[in-house]
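Visitor: So here's target17.pdb (PDB, C-alpha atoms, pLDDT in the B column).
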ATOM      1  CA  MET V  29      15.477  13.199  16.145  1.00 65.00           C
ATOM      2  CA  THR V  30      15.073  16.746  14.820  1.00 76.00           C
ATOM      3  CA  THR V  31      15.978  18.023  11.359  1.00 76.00           C
ATOM      4  CA  ASP V  32      18.947  19.893  12.859  1.00 79.00           C
ATOM      5  CA  ASP V  33      20.199  16.637  14.429  1.00 79.00           C
ATOM      6  CA  VAL V  34      19.957  14.833  11.082  1.00 79.00           C
ATOM      7  CA  LEU V  35      21.740  17.669   9.256  1.00 81.00           C
ATOM      8  CA  ALA V  36      24.521  17.743  11.895  1.00 85.00           C
ATOM      9  CA  GLU V  37      25.321  14.092  11.145  1.00 89.00           C
ATOM     10  CA  VAL V  38      25.592  14.588   7.364  1.00 91.00           C
ATOM     11  CA  GLY V  39      29.072  16.187   7.404  1.00 92.00           C
ATOM     12  CA  PRO V  40      30.815  13.428   9.363  1.00 92.00           C
ATOM     13  CA  ARG V  41      29.013  10.823   7.229  1.00 91.00           C
ATOM     14  CA  LEU V  42      30.234  12.526   4.020  1.00 93.00           C
ATOM     15  CA  ARG V  43      33.827  12.522   5.322  1.00 94.00           C
ATOM     16  CA  ARG V  44      33.599   8.855   6.406  1.00 92.00           C
ATOM     17  CA  ILE V  45      32.235   7.721   3.020  1.00 92.00           C
ATOM     18  CA  ARG V  46      34.862   9.711   1.125  1.00 93.00           C
ATOM     19  CA  LYS V  47      37.716   8.336   3.262  1.00 94.00           C
ATOM     20  CA  GLU V  48      36.405   4.751   2.998  1.00 92.00           C
ATOM     21  CA  ARG V  49      36.643   5.116  -0.780  1.00 92.00           C
ATOM     22  CA  GLU V  50      40.096   6.701  -0.488  1.00 93.00           C
ATOM     23  CA  VAL V  51      39.009   9.762  -2.468  1.00 94.00           C
ATOM     24  CA  THR V  52      40.631  13.151  -1.918  1.00 95.00           C
ATOM     25  CA  LEU V  53      38.655  16.373  -1.681  1.00 95.00           C
ATOM     26  CA  ALA V  54      40.302  17.467  -4.933  1.00 95.00           C
ATOM     27  CA  ALA V  55      39.213  14.286  -6.747  1.00 95.00           C
ATOM     28  CA  LEU V  56      35.671  14.593  -5.395  1.00 95.00           C
ATOM     29  CA  SER V  57      35.632  18.258  -6.444  1.00 95.00           C
ATOM     30  CA  GLU V  58      36.621  17.269  -9.965  1.00 94.00           C
ATOM     31  CA  ALA V  59      33.959  14.520 -10.106  1.00 94.00           C
ATOM     32  CA  THR V  60      31.140  16.695  -8.761  1.00 94.00           C
ATOM     33  CA  GLY V  61      31.982  20.212  -9.912  1.00 95.00           C
ATOM     34  CA  ILE V  62      31.727  21.392  -6.299  1.00 95.00           C
ATOM     35  CA  SER V  63      34.646  23.445  -5.019  1.00 95.00           C
ATOM     36  CA  VAL V  64      37.108  21.902  -2.544  1.00 95.00           C
ATOM     37  CA  SER V  65      36.304  24.616   0.005  1.00 95.00           C
ATOM     38  CA  THR V  66      32.543  23.905  -0.212  1.00 95.00           C
ATOM     39  CA  LEU V  67      33.153  20.150   0.184  1.00 95.00           C
ATOM     40  CA  SER V  68      35.408  20.820   3.177  1.00 95.00           C
ATOM     41  CA  ARG V  69      32.807  23.075   4.821  1.00 94.00           C
ATOM     42  CA  LEU V  70      30.098  20.450   4.197  1.00 93.00           C
ATOM     43  CA  GLU V  71      32.197  17.757   5.881  1.00 94.00           C
ATOM     44  CA  SER V  72      33.059  19.993   8.853  1.00 93.00           C
ATOM     45  CA  GLY V  73      29.445  21.087   9.327  1.00 90.00           C
ATOM     46  CA  LEU V  74      30.146  24.735   8.504  1.00 92.00           C
ATOM     47  CA  ARG V  75      27.857  24.558   5.455  1.00 92.00           C
ATOM     48  CA  LYS V  76      24.314  23.170   5.488  1.00 89.00           C
ATOM     49  CA  PRO V  77      23.805  20.328   3.022  1.00 90.00           C
ATOM     50  CA  SER V  78      21.324  20.885   0.197  1.00 89.00           C
ATOM     51  CA  LEU V  79      20.019  18.658  -2.570  1.00 88.00           C
ATOM     52  CA  GLU V  80      22.053  20.599  -5.122  1.00 91.00           C
ATOM     53  CA  LEU V  81      25.212  19.583  -3.244  1.00 92.00           C
ATOM     54  CA  LEU V  82      24.251  16.113  -2.037  1.00 92.00           C
ATOM     55  CA  LEU V  83      22.950  14.705  -5.338  1.00 92.00           C
ATOM     56  CA  PRO V  84      26.260  15.033  -7.232  1.00 93.00           C
ATOM     57  CA  ILE V  85      28.160  13.654  -4.214  1.00 93.00           C
ATOM     58  CA  ALA V  86      25.829  10.635  -4.012  1.00 92.00           C
ATOM     59  CA  GLN V  87      26.270  10.077  -7.741  1.00 92.00           C
ATOM     60  CA  ALA V  88      30.077  10.363  -7.509  1.00 93.00           C
ATOM     61  CA  HIS V  89      30.202   7.846  -4.634  1.00 91.00           C
ATOM     62  CA  GLN V  90      27.514   5.682  -6.287  1.00 90.00           C
ATOM     63  CA  VAL V  91      25.433   5.528  -3.118  1.00 88.00           C
ATOM     64  CA  PRO V  92      21.760   6.288  -2.554  1.00 88.00           C
ATOM     65  CA  LEU V  93      21.000   9.757  -1.209  1.00 85.00           C
ATOM     66  CA  ASP V  94      19.476   8.081   1.858  1.00 84.00           C
ATOM     67  CA  GLU V  95      22.920   6.799   2.799  1.00 84.00           C
ATOM     68  CA  LEU V  96      24.381  10.313   2.766  1.00 85.00           C
ATOM     69  CA  VAL V  97      21.681  11.823   4.946  1.00 83.00           C
ATOM     70  CA  GLY V  98      21.180   8.805   7.194  1.00 79.00           C
ATOM     71  CA  ALA V  99      17.494   8.381   6.442  1.00 74.00           C
ATOM     72  CA  PRO V 100      15.798   6.248   9.065  1.00 68.00           C
ATOM     73  CA  PRO V 101      15.120   2.679   7.976  1.00 68.00           C
ATOM     74  CA  VAL V 102      11.623   1.991   6.751  1.00 68.00           C
ATOM     75  CA  GLY V 103       9.610   0.035   9.275  1.00 70.00           C
ATOM     76  CA  ASP V 104       8.353  -3.437   8.594  1.00 71.00           C
ATOM     77  CA  PRO V 105       5.468  -2.918   6.128  1.00 68.00           C
ATOM     78  CA  ARG V 106       3.888  -6.309   6.750  1.00 68.00           C
ATOM     79  CA  ILE V 107       0.524  -6.553   8.432  1.00 65.00           C
ATOM     80  CA  ARG V 108       0.559  -9.459  10.822  1.00 67.00           C
ATOM     81  CA  ALA V 109      -2.410 -11.738  10.356  1.00 65.00           C
ATOM     82  CA  SER V 110      -4.381 -11.914  13.525  1.00 70.00           C
ATOM     83  CA  GLU V 111      -7.067 -14.403  14.293  1.00 78.00           C
ATOM     84  CA  PRO V 112      -9.773 -13.999  11.661  1.00 84.00           C
ATOM     85  CA  ILE V 113     -13.044 -12.365  12.558  1.00 85.00           C
ATOM     86  CA  ARG V 114     -15.898 -14.809  11.931  1.00 88.00           C
ATOM     87  CA  ARG V 115     -18.935 -13.081  10.448  1.00 84.00           C
ATOM     88  CA  HIS V 116     -21.817 -14.519   8.394  1.00 81.00           C
ATOM     89  CA  GLY V 117     -19.985 -17.868   8.161  1.00 86.00           C
ATOM     90  CA  ARG V 118     -16.910 -16.210   6.596  1.00 89.00           C
ATOM     91  CA  ALA V 119     -13.404 -15.620   7.903  1.00 89.00           C
ATOM     92  CA  HIS V 120     -12.339 -11.938   7.669  1.00 87.00           C
ATOM     93  CA  TRP V 121      -8.725 -10.832   8.188  1.00 86.00           C
ATOM     94  CA  PRO V 122      -8.431  -7.057   8.754  1.00 86.00           C
ATOM     95  CA  LEU V 123      -5.761  -5.498   6.520  1.00 85.00           C
ATOM     96  CA  THR V 124      -6.054  -1.931   7.839  1.00 81.00           C
ATOM     97  CA  ARG V 125      -4.634  -0.898  11.174  1.00 72.00           C
ATOM     98  CA  GLN V 126      -6.495   2.316  11.958  1.00 73.00           C
ATOM     99  CA  PRO V 127     -10.192   2.540  12.795  1.00 72.00           C
ATOM    100  CA  GLY V 128     -12.598   4.576  10.685  1.00 73.00           C
ATOM    101  CA  GLY V 129     -12.296   5.540   7.056  1.00 77.00           C
ATOM    102  CA  LEU V 130     -11.585   2.984   4.383  1.00 82.00           C
ATOM    103  CA  GLN V 131     -11.305  -0.564   5.756  1.00 86.00           C
ATOM    104  CA  ALA V 132      -9.746  -3.525   3.926  1.00 89.00           C
ATOM    105  CA  TYR V 133     -10.303  -7.215   4.591  1.00 89.00           C
ATOM    106  CA  LYS V 134      -9.156 -10.485   3.105  1.00 92.00           C
ATOM    107  CA  VAL V 135     -12.182 -12.774   3.167  1.00 94.00           C
ATOM    108  CA  LEU V 136     -12.493 -16.545   2.820  1.00 95.00           C
ATOM    109  CA  GLU V 137     -15.985 -17.753   1.972  1.00 94.00           C
ATOM    110  CA  PRO V 138     -16.412 -21.545   2.268  1.00 94.00           C
ATOM    111  CA  LYS V 139     -18.087 -23.651  -0.406  1.00 94.00           C
ATOM    112  CA  ARG V 140     -21.784 -23.364   0.292  1.00 92.00           C
ATOM    113  CA  ARG V 141     -24.967 -22.565  -1.526  1.00 90.00           C
ATOM    114  CA  ILE V 142     -27.050 -19.914   0.223  1.00 89.00           C
ATOM    115  CA  GLU V 143     -30.178 -18.164  -0.936  1.00 92.00           C
ATOM    116  CA  PRO V 144     -29.214 -14.487  -1.380  1.00 93.00           C
ATOM    117  CA  GLU V 145     -30.743 -12.021   1.094  1.00 91.00           C
ATOM    118  CA  PRO V 146     -29.810  -8.590  -0.285  1.00 93.00           C
ATOM    119  CA  ARG V 147     -29.364  -5.832   2.300  1.00 91.00           C
ATOM    120  CA  THR V 148     -28.573  -2.122   2.258  1.00 90.00           C
ATOM    121  CA  HIS V 149     -26.487   0.170   4.446  1.00 87.00           C
ATOM    122  CA  GLU V 150     -24.478   3.374   4.145  1.00 86.00           C
ATOM    123  CA  GLY V 151     -21.125   3.197   2.396  1.00 87.00           C
ATOM    124  CA  TYR V 152     -19.303   2.042  -0.689  1.00 89.00           C
ATOM    125  CA  GLU V 153     -17.656  -1.318  -1.318  1.00 92.00           C
ATOM    126  CA  TRP V 154     -15.076  -2.791  -3.674  1.00 94.00           C
ATOM    127  CA  LEU V 155     -14.519  -6.528  -4.144  1.00 96.00           C
ATOM    128  CA  TYR V 156     -11.533  -8.194  -5.822  1.00 96.00           C
ATOM    129  CA  VAL V 157     -11.499 -11.976  -6.281  1.00 96.00           C
ATOM    130  CA  LEU V 158      -8.176 -13.684  -5.512  1.00 96.00           C
ATOM    131  CA  SER V 159      -9.306 -17.268  -6.156  1.00 96.00           C
ATOM    132  CA  GLY V 160     -12.534 -19.116  -6.782  1.00 96.00           C
ATOM    133  CA  ARG V 161     -15.778 -17.553  -7.994  1.00 97.00           C
ATOM    134  CA  LEU V 162     -17.824 -14.948  -6.128  1.00 97.00           C
ATOM    135  CA  ARG V 163     -21.526 -14.438  -6.777  1.00 96.00           C
ATOM    136  CA  LEU V 164     -22.704 -10.829  -6.453  1.00 97.00           C
ATOM    137  CA  VAL V 165     -26.364  -9.885  -6.404  1.00 96.00           C
ATOM    138  CA  LEU V 166     -26.650  -6.118  -6.783  1.00 96.00           C
ATOM    139  CA  GLY V 167     -30.072  -4.589  -7.393  1.00 94.00           C
ATOM    140  CA  GLU V 168     -31.399  -6.406 -10.456  1.00 94.00           C
ATOM    141  CA  HIS V 169     -27.943  -7.720 -11.461  1.00 96.00           C
ATOM    142  CA  ASP V 170     -26.746 -11.230 -10.659  1.00 96.00           C
ATOM    143  CA  VAL V 171     -23.087 -11.636 -11.685  1.00 97.00           C
ATOM    144  CA  VAL V 172     -20.243 -14.038 -11.005  1.00 97.00           C
ATOM    145  CA  LEU V 173     -16.744 -12.673 -10.543  1.00 97.00           C
ATOM    146  CA  ALA V 174     -13.783 -14.934 -11.340  1.00 96.00           C
ATOM    147  CA  ALA V 175     -10.219 -14.621 -10.027  1.00 95.00           C
ATOM    148  CA  GLY V 176      -8.755 -11.286 -11.096  1.00 95.00           C
ATOM    149  CA  GLU V 177     -12.127  -9.570 -11.507  1.00 95.00           C
ATOM    150  CA  ALA V 178     -13.401  -6.714  -9.371  1.00 96.00           C
ATOM    151  CA  ALA V 179     -16.654  -4.918  -8.639  1.00 95.00           C
ATOM    152  CA  GLU V 180     -17.577  -1.623  -7.004  1.00 93.00           C
ATOM    153  CA  PHE V 181     -20.948  -0.500  -5.723  1.00 93.00           C
ATOM    154  CA  ASP V 182     -22.852   1.854  -3.494  1.00 91.00           C
ATOM    155  CA  THR V 183     -24.033  -0.217  -0.509  1.00 91.00           C
ATOM    156  CA  ARG V 184     -27.348   1.673  -0.436  1.00 91.00           C
ATOM    157  CA  VAL V 185     -28.288  -0.525  -3.430  1.00 94.00           C
ATOM    158  CA  PRO V 186     -29.617  -3.890  -2.181  1.00 94.00           C
ATOM    159  CA  HIS V 187     -26.678  -6.313  -2.395  1.00 95.00           C
ATOM    160  CA  TRP V 188     -25.442  -9.746  -1.372  1.00 95.00           C
ATOM    161  CA  PHE V 189     -22.285 -11.677  -2.194  1.00 95.00           C
ATOM    162  CA  GLY V 190     -21.063 -15.162  -1.444  1.00 94.00           C
ATOM    163  CA  SER V 191     -19.945 -18.506  -2.813  1.00 93.00           C
ATOM    164  CA  THR V 192     -21.444 -19.817  -6.026  1.00 95.00           C
ATOM    165  CA  GLY V 193     -21.679 -23.205  -4.326  1.00 92.00           C
ATOM    166  CA  GLU V 194     -18.998 -24.614  -6.662  1.00 94.00           C
ATOM    167  CA  GLY V 195     -16.136 -24.135  -4.200  1.00 94.00           C
ATOM    168  CA  PRO V 196     -14.589 -21.715  -1.719  1.00 95.00           C
ATOM    169  CA  VAL V 197     -13.795 -18.156  -2.778  1.00 96.00           C
ATOM    170  CA  GLU V 198     -11.061 -15.884  -1.476  1.00 96.00           C
ATOM    171  CA  PHE V 199     -11.440 -12.146  -2.064  1.00 96.00           C
ATOM    172  CA  LEU V 200     -10.462  -8.696  -0.890  1.00 95.00           C
ATOM    173  CA  SER V 201     -13.149  -6.378   0.387  1.00 93.00           C
ATOM    174  CA  LEU V 202     -12.607  -2.647   0.743  1.00 92.00           C
ATOM    175  CA  PHE V 203     -15.355  -0.788   2.495  1.00 86.00           C
ATOM    176  CA  GLY V 204     -15.644   2.955   3.004  1.00 83.00           C
ATOM    177  CA  PRO V 205     -18.363   4.900   4.741  1.00 72.00           C
ATOM    178  CA  GLN V 206     -18.390   7.358   1.824  1.00 60.00           C
ATOM    179  CA  GLY V 207     -15.583   6.122  -0.434  1.00 45.00           C
ATOM    180  CA  GLU V 208     -14.151   7.381  -3.668  1.00 41.00           C
ATOM    181  CA  ARG V 209     -14.967   5.441  -6.815  1.00 42.00           C
ATOM    182  CA  MET V 210     -12.377   3.166  -8.391  1.00 41.00           C
ATOM    183  CA  HIS V 211     -14.247   2.715 -11.714  1.00 37.00           C
ATOM    184  CA  VAL V 212     -13.667  -1.021 -12.062  1.00 42.00           C
ATOM    185  CA  ARG V 213     -16.465  -3.037 -13.631  1.00 43.00           C
ATOM    186  CA  ALA V 214     -17.445  -6.704 -13.528  1.00 45.00           C
ATOM    187  CA  ARG V 215     -18.633  -8.753 -16.494  1.00 51.00           C
ATOM    188  CA  PRO V 216     -22.341  -9.645 -16.314  1.00 54.00           C
ATOM    189  CA  ARG V 217     -23.109 -13.341 -15.894  1.00 54.00           C
ATOM    190  CA  ARG V 218     -24.083 -15.049 -19.127  1.00 55.00           C
ATOM    191  CA  PRO V 219     -27.554 -16.713 -19.172  1.00 53.00           C
TER
END
Show this structure as structure tokens.

Guide:
Amino acid sequence: MTTDDVLAEVGPRLRRIRKEREVTLAALSEATGISVSTLSRLESGLRKPSLELLLPIAQAHQVPLDELVGAPPVGDPRIRASEPIRRHGRAHWPLTRQPGGLQAYKVLEPKRRIEPEPRTHEGYEWLYVLSGRLRLVLGEHDVVLAAGEAAEFDTRVPHWFGSTGEGPVEFLSLFGPQGERMHVRARPRRP
């Protein structure tokens, strides 16, 4: 549907809403400060609607502006969980739909104790712990992130993350080939 098509439907919609509320053009003119002739031309399609005209009309009718212009409904924002991707003994659910760029995953790491094997690769990663405790080895740092804590790091620094061995951990992982920094820090693990 083109912009002209959307604009052509505004006039009849304005008339329908006004008539449903049993409001006269004169009463609407008084409530909005818009002349009767301008309101009439809007409803008949002889005048193009503008924000300056539509906002007071929406306010007078106590309806959202979207209702006056017939904005298309917002699509379903949910991301349907597919079968998880199994990688390195973890279940990964992709949360992004398009390939390339920043990728987001929900990850479930089972309870297990593994000797860290730090690796490097291009990119930037952010981790946010939803539940459990996540061990992160990053360069010379060895930290544990609890639920609600986050970490960010350049993946060219040797890194590894996984379960502390105390229980499973559920976390979000955002990975970008270059990535912008979020500036969220983790607390260092206490000796």

Visitor: As a check of understanding, name the residues that the PyMOL selection byres ((chain V and resi 172) around 7) selects in the supplied structure, as a PyMOL selection string.

Guide: chain V and resi 161-164+171+173-174+217

Visitor: Residues as selected, C-alpha atoms, written as a compact mmCIF listing (two decimals), keeping the file's coordinate frame, can you do that?

Guide:
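File result-v8.txt, as written:
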# COMPACT_ATOMS: atom_id res chain seq x y z
CA ARG V 161 -15.78 -17.55 -7.99
CA LEU V 162 -17.82 -14.95 -6.13
CA ARG V 163 -21.53 -14.44 -6.78
CA LEU V 164 -22.70 -10.83 -6.45
CA VAL V 171 -23.09 -11.64 -11.68
CA LEU V 173 -16.74 -12.67 -10.54
CA ALA V 174 -13.78 -14.93 -11.34
CA ARG V 217 -23.11 -13.34 -15.89

Visitor: Looking at V:Arg140, V:Arg44, V:Arg184, V:His89, which one is nearest to Gly117 in chain V, with distances taken over all atoms listed in the file?

Guide: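 Closest residue, counting all atoms listed in the file: V:Arg140.
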
Visitor: At a cut-off of 6 Å, using all atoms listed in the file, what residues contact Arg118 in chain V? Leave out same-chain residues fewer than 2 positions from it and give the result as an MDAnalysis selection string.

Guide: chainID V and resid 114:116 136:137

Visitor: Quick one, how far is CA of Leu123 in chain V from CA of Phe181 in chain V?

Guide: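 A separation of 20.1 Å between them.
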
Visitor: Could you give me, as a PyMOL selection string, the residues that sit within 9 Å of (23.9, 9.9, 4.5) in the file's coordinates, counting only C-alpha atoms?

Guide: chain V and resi 37-39+41-42+45+86+91-99

Visitor: Leaving out range 63-66 of chain V and any residue of its chain fewer than 2 positions from it, which residues lie within 6 Å of it when counting all atoms listed in the file, given as a list in words?

Guide: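 Those residues are Leu53, Ala54, Ser57, Ser68 and Arg69 of chain V.
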
Visitor: The PyMOL selection byres ((chain V and resi 194) around 10) on the file shown: which residues, as a list in words?

Guide: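 Checked against the file, the PyMOL selection byres ((chain V and resi 194) around 10) matches Pro138, Lys139, Arg140, Arg141, Gly160, Arg161, Leu162, Ser191, Thr192, Gly193, Gly195, Pro196 and Val197 of chain V.
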
Visitor: Kindly give the distance, in Å, that separates CA of Ala132 in chain V and CA of Ser201 in chain V, rounded to a single decimal.

Guide: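 Spanning CA of Ala132 in chain V to CA of Ser201 in chain V is a straight-line distance of 5.7 Å.
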
Visitor: Give the answer as one residue: which of V:Trp188, V:Glu198, V:Arg125, V:Ala88 has the shortest atom-to-atom distance to His149 in chain V, using all atoms listed in the file?

Guide: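 With all atoms listed in the file as the atom set, the closest residue is V:Trp188.
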
Visitor: At what distance in Å, to one decimal, does CA of Glu180 in chain V lie from CA of Phe199 in chain V?

Guide: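 CA of Phe199 in chain V sits 13.1 Å away from CA of Glu180 in chain V.
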
Visitor: Of the residues V:Leu202, V:Asp170, V:Gly190, V:Val165, which is the one nearest to Gln131 in chain V, using only C-alpha atoms?

Guide: V:Leu202

Visitor: Could you tell me which residues the PyMOL selection byres ((chain V and resi 156) around 6) returns for this structure, as a VMD selection string?

Guide: chain V and resid 155 157 177 to 178 199 to 200

Visitor: Using all atoms listed in the file for the distances, tell me which of V:Asp104, V:Glu48, V:Asp32, V:Glu111 is nearest to Pro77 in chain V.

Guide: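 Of all the options, V:Asp32 lies closest to Pro77 in chain V.
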
Visitor: With only C-alpha atoms as the counted atoms, please give the residues lying no more than 10 Å from Gly151 in chain V, apart from itself and same-chain residues fewer than 6 positions off, as a PyMOL selection string.

Guide: chain V and resi 130+181-185+203-207

Visitor: Edge lengths and centre in Å to one decimal, as lines of an AutoDock Vina configuration file, of the axis-aligned box that encloses all listed atoms of range 69-86 of chain V with 8 Å added on every side?

Guide:
center_x = 26.5
center_y = 17.7
center_z = 1.0
size_x = 29.0
size_y = 30.1
size_z = 32.6
